[in-house]
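Structure below is upload23.tsv: TSV, C-alpha atoms and all ligand atoms.
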```tsv
chain	number	residue	atom	x	y	z
A	1	MET	CA	0.00	0.00	0.00
A	2	THR	CA	1.43	3.35	-0.97
A	3	THR	CA	-1.67	5.50	-0.51
A	4	ASN	CA	-0.18	7.98	1.93
A	5	LYS	CA	3.31	7.88	0.44
A	6	ALA	CA	4.90	11.05	-0.83
A	7	HIS	CA	5.16	11.73	-4.53
A	8	PHE	CA	8.25	13.53	-5.73
A	9	PRO	CA	9.20	16.25	-5.94
A	10	LEU	CA	7.92	17.93	-2.77
A	11	LYS	CA	9.38	21.20	-3.87
A	12	GLU	CA	6.58	23.34	-2.46
A	13	GLN	CA	7.63	22.29	1.03
A	14	PHE	CA	11.08	23.83	0.53
A	15	GLN	CA	12.05	27.46	0.59
A	16	LEU	CA	14.25	27.51	-2.50
A	17	PRO	CA	15.37	30.74	-4.16
A	18	LYS	CA	13.54	31.55	-7.40
A	19	ASP	CA	15.41	31.01	-10.65
A	20	THR	CA	17.98	28.76	-8.99
A	21	ILE	CA	18.43	25.05	-9.58
A	22	TYR	CA	19.96	23.54	-6.51
A	23	LEU	CA	22.09	20.47	-7.22
A	24	ASP	CA	24.11	20.73	-4.01
A	25	GLY	CA	21.86	19.04	-1.46
A	26	ASN	CA	24.62	16.45	-1.05
A	27	SER	CA	26.63	19.20	0.63
A	28	LEU	CA	24.02	21.36	2.38
A	29	GLY	CA	20.32	20.53	2.16
A	30	PRO	CA	17.90	23.46	1.72
A	31	LEU	CA	15.49	25.00	4.22
A	32	GLN	CA	11.92	23.71	4.56
A	33	LYS	CA	9.04	26.10	5.21
A	34	LEU	CA	7.90	24.07	8.24
A	35	VAL	CA	11.30	24.57	9.84
A	36	ASN	CA	10.93	28.31	9.68
A	37	LYS	CA	7.63	28.16	11.54
A	38	ASP	CA	8.73	25.59	14.14
A	39	LEU	CA	11.96	27.45	14.82
A	40	SER	CA	10.05	30.56	15.70
A	41	ASP	CA	8.16	28.57	18.39
A	42	VAL	CA	11.39	27.15	19.80
A	43	ILE	CA	12.98	30.56	20.07
A	44	ASN	CA	10.04	32.68	21.11
A	45	THR	CA	8.01	30.28	23.23
A	46	GLU	CA	10.33	27.55	24.48
A	47	TRP	CA	13.43	29.65	25.05
A	48	GLY	CA	11.78	33.08	25.20
A	49	GLU	CA	9.01	32.24	27.66
A	50	HIS	CA	9.83	28.92	29.29
A	51	LEU	CA	13.51	29.74	29.80
A	52	ILE	CA	15.37	27.05	31.76
A	53	THR	CA	12.16	25.15	32.52
A	54	ALA	CA	12.07	24.18	28.84
A	55	TRP	CA	14.59	21.41	29.56
A	56	ASN	CA	11.69	19.66	31.30
A	57	ILE	CA	8.46	21.08	29.93
A	58	ASP	CA	9.54	21.09	26.29
A	59	ALA	CA	11.53	17.86	26.72
A	60	TRP	CA	14.80	19.37	25.54
A	61	MET	CA	16.63	16.78	27.65
A	62	GLU	CA	15.07	13.88	25.70
A	63	GLN	CA	15.57	15.55	22.34
A	64	PRO	CA	18.92	13.93	21.34
A	65	LEU	CA	17.41	10.46	21.68
A	66	ARG	CA	14.04	11.47	20.23
A	67	VAL	CA	15.73	12.82	17.11
A	68	GLY	CA	18.04	9.78	17.04
A	69	ASN	CA	14.95	7.57	16.82
A	70	LEU	CA	13.75	9.57	13.79
A	71	ILE	CA	17.11	9.04	12.12
A	72	GLY	CA	16.95	5.36	13.11
A	73	LYS	CA	13.83	4.91	10.97
A	74	ILE	CA	15.66	6.31	7.94
A	75	ILE	CA	18.77	4.14	8.37
A	76	GLY	CA	17.08	0.92	9.50
A	77	ALA	CA	18.25	1.06	13.12
A	78	PRO	CA	16.09	-0.01	16.08
A	79	GLU	CA	14.64	2.40	18.66
A	80	GLY	CA	17.20	3.45	21.23
A	81	SER	CA	20.28	2.70	19.11
A	82	VAL	CA	21.03	6.13	17.63
A	83	MET	CA	22.25	9.20	19.55
A	84	MET	CA	22.55	12.75	18.27
A	85	GLY	CA	25.11	15.39	19.09
A	86	ASP	CA	28.37	17.11	18.24
A	87	THR	CA	29.91	16.98	14.78
A	88	LEU	CA	30.54	13.96	12.62
A	89	SER	CA	34.28	14.23	13.26
A	90	ILE	CA	33.56	13.70	16.97
A	91	LYS	CA	31.23	10.79	16.27
A	92	VAL	CA	34.01	9.16	14.20
A	93	TYR	CA	36.31	9.57	17.21
A	94	GLN	CA	33.76	7.98	19.54
A	95	ALA	CA	33.16	5.01	17.24
A	96	LEU	CA	36.81	4.41	16.48
A	97	SER	CA	37.99	4.66	20.08
A	98	ALA	CA	35.27	2.21	21.11
A	99	ALA	CA	36.19	-0.17	18.28
A	100	LEU	CA	39.85	-0.22	19.38
A	101	GLN	CA	38.83	-1.04	22.93
A	102	MET	CA	36.91	-4.03	21.57
A	103	ARG	CA	40.00	-5.55	19.88
A	104	PRO	CA	42.85	-4.73	22.29
A	105	THR	CA	45.41	-7.06	20.69
A	106	ARG	CA	45.01	-5.76	17.11
A	107	LYS	CA	46.81	-2.65	15.89
A	108	ILE	CA	45.54	-1.87	12.39
A	109	ILE	CA	42.79	0.58	11.46
A	110	LEU	CA	41.87	-0.04	7.84
A	111	SER	CA	40.42	2.66	5.61
A	112	ASP	CA	40.46	3.66	1.95
A	113	SER	CA	41.63	6.55	-0.18
A	114	GLY	CA	38.00	7.42	-0.98
A	115	ASN	CA	37.32	8.27	2.63
A	116	PHE	CA	36.67	11.86	3.63
A	117	PRO	CA	39.86	13.45	5.06
A	118	THR	CA	38.39	14.21	8.50
A	119	ASP	CA	37.85	10.49	9.14
A	120	LEU	CA	41.50	9.82	8.33
A	121	TYR	CA	42.71	12.81	10.36
A	122	ILE	CA	40.68	11.71	13.38
A	123	ALA	CA	42.21	8.24	13.13
A	124	GLN	CA	45.71	9.76	12.88
A	125	GLY	CA	45.06	11.98	15.91
A	126	LEU	CA	43.70	9.11	17.98
A	127	ILE	CA	46.67	6.89	17.05
A	128	ALA	CA	49.13	9.63	18.08
A	129	HIS	CA	47.25	10.18	21.34
A	130	LEU	CA	47.10	6.48	22.25
A	131	ASN	CA	50.78	6.05	21.37
A	132	ASN	CA	50.43	2.31	21.51
A	133	GLY	CA	51.62	1.01	18.12
A	134	TYR	CA	48.44	1.60	16.15
A	135	GLU	CA	48.69	2.04	12.39
A	136	LEU	CA	46.28	3.55	9.87
A	137	LYS	CA	46.38	1.52	6.67
A	138	ILE	CA	44.85	3.23	3.63
A	139	VAL	CA	44.15	1.15	0.52
A	140	GLU	CA	42.34	1.84	-2.75
A	141	PRO	CA	38.53	1.48	-2.45
A	142	GLU	CA	38.51	-1.57	-4.75
A	143	GLU	CA	41.02	-3.30	-2.47
A	144	ILE	CA	39.29	-2.74	0.84
A	145	GLU	CA	37.59	-6.11	1.06
A	146	SER	CA	40.70	-8.13	0.24
A	147	ALA	CA	42.78	-6.02	2.66
A	148	ILE	CA	40.69	-7.04	5.68
A	149	SER	CA	42.75	-9.54	7.67
A	150	LYS	CA	42.92	-10.97	11.16
A	151	ASN	CA	45.29	-8.13	12.12
A	152	VAL	CA	42.69	-5.46	11.48
A	153	ALA	CA	41.03	-4.09	14.60
A	154	ALA	CA	38.57	-1.83	12.80
A	155	VAL	CA	37.47	-1.20	9.23
A	156	MET	CA	36.40	2.44	9.00
A	157	ILE	CA	35.08	3.59	5.64
A	158	THR	CA	32.51	5.91	4.09
A	159	GLN	CA	29.87	4.15	2.03
A	160	VAL	CA	29.56	6.83	-0.66
A	161	ASP	CA	32.73	8.53	-1.93
A	162	TYR	CA	32.36	12.30	-1.49
A	163	ARG	CA	34.12	13.00	-4.79
A	164	THR	CA	32.83	10.39	-7.22
A	165	GLY	CA	29.70	9.06	-5.52
A	166	ARG	CA	31.06	5.50	-5.73
A	167	LEU	CA	29.00	3.25	-3.46
A	168	HIS	CA	30.56	0.49	-1.36
A	169	ASP	CA	28.75	-2.81	-0.84
A	170	MET	CA	27.94	-2.59	2.87
A	171	LYS	CA	26.80	-6.16	3.15
A	172	SER	CA	29.81	-7.95	1.71
A	173	ILE	CA	32.40	-5.67	3.34
A	174	THR	CA	30.76	-6.01	6.76
A	175	GLN	CA	30.55	-9.76	6.29
A	176	LYS	CA	34.26	-9.96	5.44
A	177	ALA	CA	35.13	-7.78	8.44
A	178	HIS	CA	33.19	-10.12	10.69
A	179	GLU	CA	34.77	-13.24	9.17
A	180	MET	CA	38.15	-11.75	10.09
A	181	GLY	CA	36.96	-10.69	13.55
A	182	SER	CA	37.27	-6.95	12.78
A	183	VAL	CA	34.90	-4.25	14.00
A	184	MET	CA	32.99	-2.47	11.23
A	185	ILE	CA	32.38	1.29	11.29
A	186	TRP	CA	30.39	2.90	8.46
A	187	ASP	CA	30.36	6.62	7.78
A	188	LEU	CA	26.96	7.33	6.23
A	189	ALA	CA	27.45	11.07	5.59
A	190	HIS	CA	26.45	10.72	1.92
A	191	SER	CA	24.06	7.82	2.44
A	192	ALA	CA	21.51	8.80	5.10
A	193	GLY	CA	18.49	10.14	3.26
A	194	ALA	CA	20.07	9.26	-0.09
A	195	VAL	CA	20.08	5.48	-0.37
A	196	GLU	CA	18.20	2.61	1.24
A	197	LEU	CA	19.86	1.47	4.46
A	198	ASP	CA	19.13	-1.38	6.84
A	199	LEU	CA	21.70	-1.29	9.63
A	200	GLU	CA	19.93	-3.99	11.59
A	201	ALA	CA	20.35	-6.43	8.69
A	202	ILE	CA	23.90	-5.26	7.90
A	203	ASN	CA	24.82	-5.96	11.53
A	204	CYS	CA	27.76	-3.51	11.64
A	205	GLU	CA	28.98	-2.51	15.09
A	206	PHE	CA	28.95	1.25	14.51
A	207	ALA	CA	27.67	3.80	12.03
A	208	VAL	CA	27.99	7.56	12.04
A	209	GLY	CA	26.72	10.31	9.81
A	210	CYS	CA	25.87	13.96	9.44
A	211	THR	CA	22.46	15.54	8.99
A	212	TYR	CA	23.15	18.73	7.05
A	213	LYS	CA	23.30	17.01	3.63
A	214	PHE	CA	20.43	14.82	2.39
A	215	LEU	CA	18.57	15.15	5.71
A	216	ASN	CA	18.34	18.94	5.36
A	217	GLY	CA	19.09	19.73	9.01
A	218	GLY	CA	20.78	23.05	8.29
A	219	PRO	CA	24.37	24.28	8.48
A	220	GLY	CA	26.17	22.70	11.44
A	221	SER	CA	23.29	20.43	12.39
A	222	PRO	CA	24.37	17.70	14.81
A	223	ALA	CA	25.69	14.31	13.76
A	224	PHE	CA	24.48	10.83	14.74
A	225	ILE	CA	26.10	7.68	16.04
A	226	TYR	CA	24.60	4.21	15.87
A	227	VAL	CA	25.84	1.51	18.24
A	228	ARG	CA	24.66	-2.06	17.77
A	229	PRO	CA	22.41	-2.61	20.79
A	230	ASP	CA	24.24	-5.65	22.16
A	231	LEU	CA	27.45	-3.59	22.45
A	232	THR	CA	26.19	-0.39	24.03
A	233	GLU	CA	26.88	-1.35	27.62
A	234	GLN	CA	30.29	-2.87	26.81
A	235	ILE	CA	32.01	0.27	25.57
A	236	ALA	CA	33.64	2.79	27.85
A	237	PRO	CA	33.12	6.18	26.17
A	238	ALA	CA	36.39	7.96	25.36
A	239	LEU	CA	34.58	11.29	25.62
A	240	SER	CA	33.12	10.79	29.07
A	241	GLY	CA	31.11	13.97	29.41
A	242	TRP	CA	28.48	14.63	32.03
A	243	MET	CA	25.52	14.21	29.68
A	244	GLY	CA	26.55	10.61	29.07
A	245	HIS	CA	26.65	9.91	32.80
A	246	GLU	CA	24.08	7.55	34.27
A	247	ALA	CA	22.77	10.37	36.47
A	248	PRO	CA	24.04	13.77	35.25
A	249	PHE	CA	22.13	15.68	37.89
A	250	ALA	CA	23.52	13.62	40.73
A	251	PHE	CA	26.76	15.56	40.06
A	252	ASP	CA	28.94	12.65	41.18
A	253	GLN	CA	32.69	13.17	41.06
A	254	SER	CA	33.26	9.89	39.22
A	255	TYR	CA	32.07	9.05	35.76
A	256	ARG	CA	29.58	6.20	35.44
A	257	PRO	CA	28.28	5.72	31.89
A	258	ALA	CA	24.56	5.59	31.25
A	259	LEU	CA	23.20	2.09	30.71
A	260	SER	CA	21.94	2.87	27.23
A	261	ILE	CA	22.83	4.78	24.06
A	262	GLU	CA	22.72	7.88	26.30
A	263	ARG	CA	26.38	7.12	27.07
A	264	MET	CA	27.24	8.43	23.61
A	265	ARG	CA	26.16	11.92	24.70
A	266	VAL	CA	28.96	14.27	25.67
A	267	GLY	CA	27.88	17.76	26.76
A	268	THR	CA	24.91	20.13	26.53
A	269	PRO	CA	23.03	19.44	23.28
A	270	PRO	CA	22.59	22.20	20.66
A	271	VAL	CA	18.84	22.60	21.24
A	272	VAL	CA	18.17	25.13	18.50
A	273	GLN	CA	20.02	23.11	15.86
A	274	LEU	CA	18.39	19.90	17.04
A	275	SER	CA	14.98	21.58	16.86
A	276	ILE	CA	15.63	22.61	13.27
A	277	LEU	CA	16.64	19.05	12.48
A	278	GLU	CA	13.67	17.54	14.30
A	279	SER	CA	11.36	19.70	12.25
A	280	ALA	CA	13.24	18.99	8.99
A	281	LEU	CA	12.91	15.25	9.60
A	282	GLN	CA	9.10	15.33	9.65
A	283	ILE	CA	9.05	15.06	5.85
A	284	TRP	CA	10.52	11.54	6.07
A	285	HIS	CA	7.48	10.04	7.80
A	286	ASN	CA	5.75	9.49	4.44
A	287	ILE	CA	8.77	8.75	2.33
A	288	ASP	CA	9.49	5.30	1.06
A	289	MET	CA	13.28	5.06	0.66
A	290	LYS	CA	12.93	2.54	-2.16
A	291	GLU	CA	10.78	4.97	-4.15
A	292	LEU	CA	13.15	7.83	-3.38
A	293	ARG	CA	16.11	5.78	-4.57
A	294	THR	CA	14.26	4.84	-7.78
A	295	ALA	CA	13.54	8.53	-8.43
A	296	SER	CA	17.16	9.44	-7.70
A	297	ILE	CA	18.45	6.85	-10.16
A	298	ALA	CA	16.02	7.97	-12.87
A	299	LEU	CA	17.06	11.63	-12.50
A	300	SER	CA	20.77	10.74	-12.37
A	301	GLU	CA	20.55	8.57	-15.48
A	302	LEU	CA	18.81	11.36	-17.37
A	303	PHE	CA	21.40	13.89	-16.21
A	304	ILE	CA	24.36	11.70	-17.20
A	305	GLU	CA	22.85	10.83	-20.56
A	306	GLN	CA	22.20	14.49	-21.42
A	307	VAL	CA	25.54	15.86	-20.18
A	308	GLU	CA	27.53	13.14	-21.95
A	309	LYS	CA	25.60	13.77	-25.18
A	310	ARG	CA	25.76	17.56	-25.11
A	311	CYS	CA	29.00	18.30	-23.22
A	312	PRO	CA	31.69	15.85	-24.27
A	313	GLN	CA	34.33	18.03	-22.55
A	314	LEU	CA	33.03	16.81	-19.18
A	315	ILE	CA	34.17	13.30	-18.32
A	316	LEU	CA	31.99	11.23	-16.02
A	317	ALA	CA	33.83	10.62	-12.73
A	318	SER	CA	30.99	8.65	-11.11
A	319	PRO	CA	30.35	4.96	-11.71
A	320	LYS	CA	28.24	4.39	-14.82
A	321	ASN	CA	26.26	1.63	-13.14
A	322	PRO	CA	23.59	3.27	-10.94
A	323	GLU	CA	23.77	0.38	-8.48
A	324	HIS	CA	27.36	1.41	-7.74
A	325	ARG	CA	26.57	5.12	-7.31
A	326	GLY	CA	25.09	7.12	-4.45
A	327	SER	CA	22.81	10.10	-5.05
A	328	GLN	CA	25.34	12.37	-6.72
A	329	VAL	CA	26.87	12.68	-10.17
A	330	SER	CA	30.39	14.02	-10.72
A	331	PHE	CA	32.34	15.02	-13.78
A	332	LYS	CA	36.02	15.71	-14.30
A	333	PHE	CA	37.25	18.88	-15.95
A	334	LYS	CA	40.65	20.53	-15.57
A	335	ASN	CA	39.14	23.96	-14.83
A	336	GLY	CA	36.32	22.52	-12.79
A	337	TYR	CA	36.48	25.23	-10.14
A	338	ALA	CA	35.91	28.03	-12.66
A	339	VAL	CA	33.12	26.06	-14.32
A	340	VAL	CA	31.30	25.72	-11.00
A	341	GLN	CA	31.62	29.47	-10.32
A	342	ALA	CA	30.22	30.20	-13.79
A	343	LEU	CA	27.33	27.76	-13.23
A	344	ILE	CA	26.46	29.41	-9.91
A	345	ALA	CA	26.46	32.84	-11.57
A	346	ASN	CA	24.04	31.44	-14.15
A	347	GLY	CA	21.55	29.89	-11.71
A	348	LEU	CA	22.83	26.34	-11.21
A	349	ILE	CA	24.41	25.53	-7.87
A	350	GLY	CA	26.79	22.57	-7.68
A	351	ASP	CA	30.23	22.43	-6.10
A	352	PHE	CA	33.86	21.59	-6.70
A	353	ARG	CA	36.26	19.18	-5.04
A	354	ALA	CA	39.98	19.35	-5.73
A	355	PRO	CA	41.70	18.58	-7.95
A	356	ASN	CA	39.18	18.49	-10.80
A	357	ILE	CA	35.76	17.22	-9.70
A	358	ILE	CA	32.48	19.03	-10.41
A	359	ARG	CA	29.77	17.55	-8.17
A	360	PHE	CA	26.01	17.59	-8.52
A	361	GLY	CA	23.71	16.23	-5.81
A	362	ILE	CA	20.57	14.54	-7.09
A	363	THR	CA	17.80	15.04	-4.55
A	364	PRO	CA	14.34	13.94	-5.74
A	365	LEU	CA	12.61	15.61	-2.77
A	366	TYR	CA	12.91	18.96	-4.54
A	367	ILE	CA	14.44	18.27	-7.96
A	368	SER	CA	12.29	17.33	-10.96
A	369	GLU	CA	13.01	16.09	-14.46
A	370	ALA	CA	12.35	19.63	-15.73
A	371	ASP	CA	15.07	20.92	-13.35
A	372	ILE	CA	17.52	18.41	-14.77
A	373	HIS	CA	16.81	19.59	-18.31
A	374	LYS	CA	17.25	23.23	-17.26
A	375	ALA	CA	20.47	22.37	-15.44
A	376	VAL	CA	21.88	20.68	-18.53
A	377	ASP	CA	20.99	23.72	-20.67
A	378	ILE	CA	22.96	25.93	-18.27
A	379	ILE	CA	25.96	23.59	-18.33
A	380	VAL	CA	25.90	23.46	-22.14
A	381	ASN	CA	25.85	27.26	-22.34
A	382	ILE	CA	28.86	27.58	-20.01
A	383	MET	CA	30.87	24.89	-21.76
A	384	GLU	CA	30.05	25.70	-25.40
A	385	ASN	CA	30.76	29.39	-24.93
A	386	ASN	CA	33.72	28.91	-22.58
A	387	LEU	CA	32.09	31.34	-20.13
A	388	TRP	CA	34.14	29.85	-17.30
A	389	GLU	CA	37.26	31.50	-18.75
A	390	ASP	CA	36.18	34.88	-17.37
A	391	PRO	CA	38.85	35.81	-14.73
A	392	LYS	CA	36.16	36.51	-12.16
A	393	PHE	CA	35.31	32.79	-12.09
A	394	ASN	CA	38.94	31.83	-11.52
A	395	LYS	CA	39.33	33.68	-8.23
A	396	ALA	CA	39.52	31.12	-5.42
A	397	ASN	CA	37.02	31.33	-2.54
A	398	ARG	CA	37.73	29.86	0.86
A	399	VAL	CA	34.97	27.25	0.46
A	400	THR	CA	34.76	25.51	-2.90
A	501	LIG	C1	32.24	11.29	4.87
A	501	LIG	C2	32.33	12.53	5.69
A	501	LIG	N1	32.74	12.45	6.97
A	501	LIG	C3	32.84	13.57	7.73
A	501	LIG	C4	32.53	14.82	7.22
A	501	LIG	C5	32.67	16.10	8.01
A	501	LIG	O1	32.29	16.00	9.31
A	501	LIG	P1	31.96	17.26	10.22
A	501	LIG	O2	30.47	17.31	10.32
A	501	LIG	O3	32.62	16.96	11.50
A	501	LIG	O4	32.49	18.49	9.57
A	501	LIG	C6	32.08	14.93	5.90
A	501	LIG	C7	31.73	16.25	5.36
A	501	LIG	O5	31.31	16.42	4.27
A	501	LIG	C8	32.00	13.76	5.13
A	501	LIG	O6	31.61	13.84	3.86
```
If you took the structure in this file and wrote it as structure tokens, what would it be?
Ligand SMILES: Cc1ncc(COP(=O)(O)O)c(C=O)c1O
Amino acid sequence: MTTNKAHFPLKEQFQLPKDTIYLDGNSLGPLQKLVNKDLSDVINTEWGEHLITAWNIDAWMEQPLRVGNLIGKIIGAPEGSVMMGDTLSIKVYQALSAALQMRPTRKIILSDSGNFPTDLYIAQGLIAHLNNGYELKIVEPEEIESAISKNVAAVMITQVDYRTGRLHDMKSITQKAHEMGSVMIWDLAHSAGAVELDLEAINCEFAVGCTYKFLNGGPGSPAFIYVRPDLTEQIAPALSGWMGHEAPFAFDQSYRPALSIERMRVGTPPVVQLSILESALQIWHNIDMKELRTASIALSELFIEQVEKRCPQLILASPKNPEHRGSQVSFKFKNGYAVVQALIANGLIGDFRAPNIIRFGITPLYISEADIHKAVDIIVNIMENNLWEDPKFNKANRVT
């Protein structure tokens, strides 16, 4: 039965600027109109009138778990297994430090060259801090499965490559990790809200992700961490903050972790950001991820077909097979940065990743087939007329 399921696109629910085609929801999702209204209540009523009592009467204290349960539905995780808070970099740290505790005799953290740099940097920082012979081994994405051995403590990879959109096979990699006795950590930054996920079936130990991309939680919205329920009480949190204590308001002098996913909390939650996210997540109640994925593939295939036909200068950097691609399409071009600046100036927002990748996020919630055709027309105009050569498009900004 799909009677109350959403039909795409749901563009009218988003507050998108006129005359702009937004193909960058894989980087920062847009604002929804409902969020604007709900945010006003949080600021003016909850904070403005209820003041500190809002922690109880507006259930701010329960919010990190409440929102985690909403995310859980999108990623196939059971109630009580997902906690919100902090940034994704911090959630990577929490997951990795817990994974190393679980395999004390193993010294290798395995990752791949398609991983996002912060994940690798966090691993490097943790290794230096522990100073106990750990090693970060980075292999090519295609080699990850064969590189998992009985020496590997944790496999830590991102499912969808931020540059190319290449999609890892979660099931077979997790299975191999488990055959070798390694702990599996998935970074779902480019997966949550983009592809179908079933963490319970995948059976990985940990998963982390951000909420400002396909989940539209706004700039800086808090990250999530999933811990497989049977492990929650076994891990001693490396970031043992008071909010993860069993009884924060007992103000004990010794840390005692909460007997639930609450132990993954650290400090005071960002209530305003979490409220924006909670409101932004309401749209997912009626969304069938399978239908969303089908729509994403159809739009991506159309986009690739049209760009390849009309702009041969742009070389597809994403996998051709949609089953091996997340919800983004990337092309290679030597002057990719300037091209992206020219596209933005002409009403199409995408982004650039060094050294030569032009990225486009395909988000069926607010992108239609007509938008794809318009986007391709803009790209053709920029490329055929070499508009990107204008010096003003070659001036580097701090964020690309
Ligand atoms: C895979 C992945 N991990 C981590 C991050 C960044 O994490 P943070 O939210 O801490 O900036 C990103 C940002 O795009 C990402 O793509």
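Distance check against ligand LIG 501 (chain A) using only C-alpha atoms and all ligand atoms: of A:Arg163, A:Lys334, A:Arg66, A:His50, the minimum falls on A:Arg163.
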Could you state the separation of atom CA of Phe393 of chain A and atom CA of Ala345 of chain A in Å, given to one decimal place?
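That distance, rounded to one decimal, is 8.9 Å.
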Within 8 Å of ligand LIG 501 (chain A): each chain A residue with its shortest pair, all atoms listed in the file, as JSON lines:
```
{"residue": "A:Ser27", "atom": "CA", "partner": "A:LIG501", "partner_atom": "O5", "distance": 6.5}
{"residue": "A:Asp86", "atom": "CA", "partner": "A:LIG501", "partner_atom": "O3", "distance": 8.0}
{"residue": "A:Thr87", "atom": "CA", "partner": "A:LIG501", "partner_atom": "O3", "distance": 4.3}
{"residue": "A:Leu88", "atom": "CA", "partner": "A:LIG501", "partner_atom": "O3", "distance": 3.8}
{"residue": "A:Ser89", "atom": "CA", "partner": "A:LIG501", "partner_atom": "O3", "distance": 3.6}
{"residue": "A:Ile90", "atom": "CA", "partner": "A:LIG501", "partner_atom": "O3", "distance": 6.4}
{"residue": "A:Lys91", "atom": "CA", "partner": "A:LIG501", "partner_atom": "O3", "distance": 7.9}
{"residue": "A:Val92", "atom": "CA", "partner": "A:LIG501", "partner_atom": "C3", "distance": 7.9}
{"residue": "A:Asn115", "atom": "CA", "partner": "A:LIG501", "partner_atom": "C1", "distance": 6.3}
{"residue": "A:Phe116", "atom": "CA", "partner": "A:LIG501", "partner_atom": "C1", "distance": 4.6}
{"residue": "A:Pro117", "atom": "CA", "partner": "A:LIG501", "partner_atom": "N1", "distance": 7.4}
{"residue": "A:Thr118", "atom": "CA", "partner": "A:LIG501", "partner_atom": "C3", "distance": 5.6}
{"residue": "A:Asp119", "atom": "CA", "partner": "A:LIG501", "partner_atom": "N1", "distance": 5.9}
{"residue": "A:Thr158", "atom": "CA", "partner": "A:LIG501", "partner_atom": "C1", "distance": 5.4}
{"residue": "A:Val160", "atom": "CA", "partner": "A:LIG501", "partner_atom": "C1", "distance": 7.6}
{"residue": "A:Asp161", "atom": "CA", "partner": "A:LIG501", "partner_atom": "C1", "distance": 7.4}
{"residue": "A:Tyr162", "atom": "CA", "partner": "A:LIG501", "partner_atom": "O6", "distance": 5.6}
{"residue": "A:Asp187", "atom": "CA", "partner": "A:LIG501", "partner_atom": "C1", "distance": 5.8}
{"residue": "A:Leu188", "atom": "CA", "partner": "A:LIG501", "partner_atom": "C1", "distance": 6.7}
{"residue": "A:Ala189", "atom": "CA", "partner": "A:LIG501", "partner_atom": "C1", "distance": 4.8}
{"residue": "A:His190", "atom": "CA", "partner": "A:LIG501", "partner_atom": "O6", "distance": 6.3}
{"residue": "A:Gly209", "atom": "CA", "partner": "A:LIG501", "partner_atom": "N1", "distance": 7.0}
{"residue": "A:Cys210", "atom": "CA", "partner": "A:LIG501", "partner_atom": "O2", "distance": 5.8}
{"residue": "A:Gly220", "atom": "CA", "partner": "A:LIG501", "partner_atom": "O2", "distance": 7.0}
{"residue": "A:Pro222", "atom": "CA", "partner": "A:LIG501", "partner_atom": "O2", "distance": 7.6}
{"residue": "A:Ala223", "atom": "CA", "partner": "A:LIG501", "partner_atom": "O2", "distance": 6.6}
```
By how many Å are atom CA of Thr211 of chain A and atom CA of Ala192 of chain A apart?
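Taking atom CA of Thr211 of chain A as the start and atom CA of Ala192 of chain A as the end point, the length is 7.8 Å.
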Considering all atoms listed in the file, return as a ChimeraX atom specification whatever protein or nucleic-acid residues lie within 6 Å of Asn216 of chain A, sequence-local ones (same chain, fewer than 3 positions apart) excluded.
/A:29-30,212-213
Could you dump the residues just selected with C-alpha atoms as a JSON list (two decimals), keeping the file's coordinate frame?
```
[["chain", "number", "residue", "atom", "x", "y", "z"],
["A", 29, "GLY", "CA", 20.32, 20.53, 2.16],
["A", 30, "PRO", "CA", 17.90, 23.46, 1.72],
["A", 212, "TYR", "CA", 23.15, 18.73, 7.05],
["A", 213, "LYS", "CA", 23.30, 17.01, 3.63]]
```
Kindly indicate which residue among A:Gly181, A:Gly361, A:Pro257, A:Gly347 lies nearest to Ile297 of chain A, using all atoms listed in the file for the distances.
A:Gly361
